[in-house]
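This report concerns only the one structure given below.
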Amino acid sequence: MIRFDGAAKRHPDGTLAVEGLDLTVPAGRTTVLVGPSGCGKTTILRMVNRMVEPTAGRVLLDGTDVAQLDAAKLRRGIGYVIQQAGLFPHRRVIDNVATVPYLLGWDRKRARTRASELLELVGLPPETARRYPFQLSGGQQQRVGVARALAADPPLLLMDEPFSAVDPVVRSGLQDELLRLQAELNKTVLFVTHDIEEAVRLGDQIVVLREHGRIAQVADPATLLAAPADEQVAAFLGRDRGLRGLALRPAEGIVLLAANTPLDGWTLAVDQEGRPTGWQRSAETIRQVAVFRPGLDTLRTALDSAVLSPARVAVAVDHAGRVIGLAPRAAVLDALDAAGPDTAAGITATGVADGR
Amino acid sequence: MGDEPLVRWHWIGTHLGYLRDLLLDHAVISLLPVLFGLLMALPLGLLCVRFPRLYQPLAAVFNVIYALPALAVFVVLIPYTGLATQATVMTPLTCYALAVLLPTTVDGLRSVPEPVRQAATALGYGPWRRLAAVELPTAVPYLVAGLRVAAVSSISLASVGALVGRGGLGYLFMDGFQRTFPTPIVAGIVLVTALALVTDAVLLLARRLLAPWARRESVVGR
């Protein structure tokens, strides 16, 4: 767990980078610092591994003030990933990944074995190991950067806009990969980005920052989208935040009708296994059926299913794709309403209290 | 030079041993200074990068030395290092090599991209360890570029040492000129050129071995 306790940074020329910051970064979760460029988010990140020393206040790592720790040793215990990957051009991929194990004095064989495991973990083929960084694509370099950060199995990972320099398709793949890794590893991740979509996608906790590192709002993604603290945060979140928020809520508690209920003359045809094959009304047949899996998919998928259906119902299926029931649009929206009051309560509990 | 032919093969045939000795002497008095220059440029360069205020004054001193004519320096050194000794020729050549190699070393060490430097710091390298493990290897292509310039100019300058009695192949130029006999001059030119080319090839090979990761276009030639 990281705690910022009034941590501030004033540059030698007197300009203020970060005003006193109070923030708790919970262990084992992903916390995303998001805000416009120049809001001090990178400065905040670097206070954790002492690449920036606060001019006032403290940063506590599991209760210990980081200023009391040896900087180089502290850093070897914290994974760090940056935008351009920052791979060492003169070292092969495998030795780049093994950097921290070497620094910790592991023998060469053990360090390289560990590095190979990590290349596999981040989805790079074994032949990459012998290459030099310039022989890799940007996305591959970034994967190596993540592997290098994880090499000594640090409990804490600092990520400074790690995916900003790659194209959108690759970025989306890297985000998926990080979510998969995080589900497996449960690191404490502090992630900096200027991209709110990325923040919503990756964060368990999102910290929206204004200039000088002032906190505008701290919330989980669904709460943030549903109830921004003020106009500025709402503007930063952009359009369609209501619909985007649906993608963060599980499709649960939707009241289903029996699968063979005729609606507006339409009936759902199923095969022998009970999987939907199409919609039928007298001579008309529509072959495409959009479905959702209650509990597994999100409300956004459920609503999508209802919008696409000629009978105006969402089709609920189980994990094997067998129909379990039909949900009229109203039922989907009712489930959304049911989630509403909780969200508002969440804001008072976790939200603007920290803001200054 | 009248009807004297450009090359008398007979003279060359009877002086092979002599030419070989001159070539070896030339290689020693011109290339050892480059090695000494490199051995001094590396620690000085590291200091200059670690403490940037040192760099400008040091670079100024070596630039002034570089501007001094070689012959004048040789003559001034004779009372201290002796006439026709290796030290008389090698001392200024070492300074010249250093004048070329110090800026290349500093440029090379500073050529490390900022994200690489930051990543090294963030992964837990201390400042000196980072210089040795990250900046220095990254500087190799720059160092080789500087060494190529320093070596070739040293090989060419060493000939001037003949005027104070220790110039390796340079002696052939004086000899040929005084006797109006072109054969030693031609032999000297061919051997000096060959020495320069072989040295350059060895340095390029060293770069390929030491820095296989360096893409050709990324190396700044000087």
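Going through the structure tokens in order, the chains are called A, B, and so on, while each chain numbers its residues from 1 and the ligands are numbered from 1 in the order shown.
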
#### Entry: Proximal residues of chain A relative to chain B (only C-alpha atoms; 12 Å) as a ChimeraX atom specification
/A:45-52,70-93,96-104,130-135,145-146,148-152,154,157-160,162

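Residues lying within 10 Å of Leu243 of chain A, counting only C-alpha atoms and ignoring same-chain neighbours fewer than 6 positions away, are Leu225, Ala226, Leu299, Arg300 and Leu303 of chain A.
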
For the selection you just gave me, I'd like the residues written to a file as a compact mmCIF listing (two decimals), in the first residue's frame, keeping C-alpha atoms.
```txt
# COMPACT_ATOMS: atom_id res chain seq x y z
CA LEU A 225 -18.83 7.70 -15.24
CA ALA A 226 -22.22 7.74 -13.51
CA LEU A 299 -25.49 -4.33 -19.09
CA ARG A 300 -24.16 -2.72 -22.27
CA LEU A 303 -29.01 -3.54 -23.91
```

### Message
When you look at Glu4 of chain B with a cut-off of 12 Å (counting only C-alpha atoms), what residues show up, excluding the ones that are within fewer than 2 positions of it in the same chain? I need them as a list in words.
### Response
Met1, Gly2, Leu6, Val7, Arg8, Gly176, Arg179, Thr180, Phe181, Pro182 and Thr183 of chain B

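Taking atom CA of Pro54 of chain A and atom CA of Lys9 of chain A as endpoints, the distance between them is 4.9 Å.
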
### Task
Find, counting only C-alpha atoms, the residue in A:Ala229, A:Gln141, A:Gly213, A:Val170 that gets nearest to Asp22 of chain A.
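Smallest separation from Asp22 of chain A among the options: A:Gly213.
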
### Query
Within 12 Å of segment 265-274 of chain A, counting only C-alpha atoms, which residues qualify if same-chain residues fewer than 3 places away don't, as a PyMOL selection string?
chain A and resi 258-262+277-291+309-318+320-326

### Task
Quick one: pull the distance between atom CA of Leu131 of chain B and atom CA of Val144 of chain B, Å, one decimal.
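Computing the Euclidean distance for atom CA of Leu131 of chain B and atom CA of Val144 of chain B yields 17.8 Å.
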
### Message
When you look at Leu32 of chain B with a cut-off of 9 Å (counting only C-alpha atoms), what residues show up, excluding the ones that are within fewer than 4 positions of it in the same chain? I need them as a PyMOL selection string.
### Response
chain B and resi 27-28+36-37+90+94

Take the residues that were just selected and, keeping N, CA, C and O atoms, output them as a PDB file, in the first residue's frame.
```
ATOM      1  N   ALA B  27      54.229   2.531 -36.678  1.00  0.00           N
ATOM      2  CA  ALA B  27      52.996   2.046 -36.057  1.00  0.00           C
ATOM      3  C   ALA B  27      53.021   2.308 -34.556  1.00  0.00           C
ATOM      4  O   ALA B  27      52.036   2.779 -33.963  1.00  0.00           O
ATOM      5  N   VAL B  28      54.179   2.045 -33.925  1.00  0.00           N
ATOM      6  CA  VAL B  28      54.278   2.233 -32.475  1.00  0.00           C
ATOM      7  C   VAL B  28      54.144   3.706 -32.098  1.00  0.00           C
ATOM      8  O   VAL B  28      53.319   4.077 -31.258  1.00  0.00           O
ATOM      9  N   PHE B  36      47.015   5.584 -25.531  1.00  0.00           N
ATOM     10  CA  PHE B  36      47.149   6.381 -24.303  1.00  0.00           C
ATOM     11  C   PHE B  36      46.034   7.431 -24.229  1.00  0.00           C
ATOM     12  O   PHE B  36      45.447   7.659 -23.178  1.00  0.00           O
ATOM     13  N   GLY B  37      45.782   8.061 -25.381  1.00  0.00           N
ATOM     14  CA  GLY B  37      44.731   9.089 -25.433  1.00  0.00           C
ATOM     15  C   GLY B  37      43.391   8.502 -25.010  1.00  0.00           C
ATOM     16  O   GLY B  37      42.651   9.090 -24.216  1.00  0.00           O
ATOM     17  N   MET B  90      55.824  10.982 -29.185  1.00  0.00           N
ATOM     18  CA  MET B  90      54.566  10.440 -28.687  1.00  0.00           C
ATOM     19  C   MET B  90      53.822  11.354 -27.714  1.00  0.00           C
ATOM     20  O   MET B  90      52.595  11.299 -27.625  1.00  0.00           O
ATOM     21  N   THR B  94      49.918  12.059 -28.230  1.00  0.00           N
ATOM     22  CA  THR B  94      48.946  11.641 -27.219  1.00  0.00           C
ATOM     23  C   THR B  94      47.970  12.777 -26.916  1.00  0.00           C
ATOM     24  O   THR B  94      46.756  12.572 -26.821  1.00  0.00           O
TER      25      THR B  94
END
```

### Query
Got a sec to tell me which of segment 11-252 of chain A DSSP assigns to helix (DSSP H, G or I), as a PyMOL selection string?
chain A and resi 41-48+66-68+71-76+93-97+99-103+108-121+126-130+133-135+138-150+168-185+196-202+211-213+221-226+231-237+241-246

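Shortest separation to Ser153 of chain B among B:Asp107, B:Asp21, B:Asp200, B:Asp175 occurs at residue B:Asp200, atoms counted being only C-alpha atoms.
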
### Query
Which parts of segment 50-248 of chain A does DSSP call strand (DSSP E or B) when run on the backbone here, written out as a PyMOL selection string?
chain A and resi 56-61+64-65+78-82+156-160+188-193+205-209+215-219

### Message
Can you measure atom CA of Leu33 of chain A to atom CA of Val192 of chain A for me? One decimal in Å is fine.
### Response
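Rounded to one decimal, the two atoms are 4.8 Å apart.
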
### Message
Considering only C-alpha atoms, can you say which of B:Leu136, B:Ala145, B:Ile189, B:Val164 comes closest to Val75 of chain B?
### Response
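The shortest atom-to-atom distance to Val75 of chain B comes from B:Val164.
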
### Message
Would you pick out the contacts of segment 52-65 of chain B at 8 Å or less, using only C-alpha atoms, so that residues sharing its chain but fewer than 6 positions from it are not included, and give the list as an MDAnalysis selection string?
### Response
chainID B and resid 95:96 98:99 102:103

Output for the residues just chosen: C-alpha atoms as a tab-separated table (two decimals), in the first residue's frame:
```
chain	number	residue	atom	x	y	z
B	95	CYS	CA	47.66	15.15	-26.53
B	96	TYR	CA	46.27	15.43	-30.06
B	98	LEU	CA	43.08	13.15	-26.43
B	99	ALA	CA	41.85	16.40	-27.95
B	102	LEU	CA	37.59	13.62	-25.14
B	103	PRO	CA	34.67	15.31	-26.99
```

If we count only C-alpha atoms and set the cut-off at 8 Å, which residues sit around Leu157 of chain B, ignoring sequence neighbours fewer than 6 positions away in its own chain? Please answer as a compact mmCIF listing (two decimals) with N, CA and C atoms, in the first residue's frame.
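Final output, saved to out.txt:
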```
# COMPACT_ATOMS: atom_id res chain seq x y z
N SER B 30 52.86 6.17 -33.65
CA SER B 30 51.61 6.84 -34.00
C SER B 30 50.41 6.23 -33.28
N ALA B 70 52.71 20.78 -34.72
CA ALA B 70 53.41 19.61 -34.21
C ALA B 70 54.92 19.84 -34.15
N LEU B 93 51.58 13.68 -29.72
CA LEU B 93 50.57 12.89 -30.43
C LEU B 93 49.49 12.38 -29.46
```

### Selected residue, from B:Pro92, B:Gly161, B:Pro5, B:Pro184, that lies nearest to Ala67 of chain B when counting only C-alpha atoms
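Checking each candidate against Ala67 of chain B, we get B:Pro92 as the closest.
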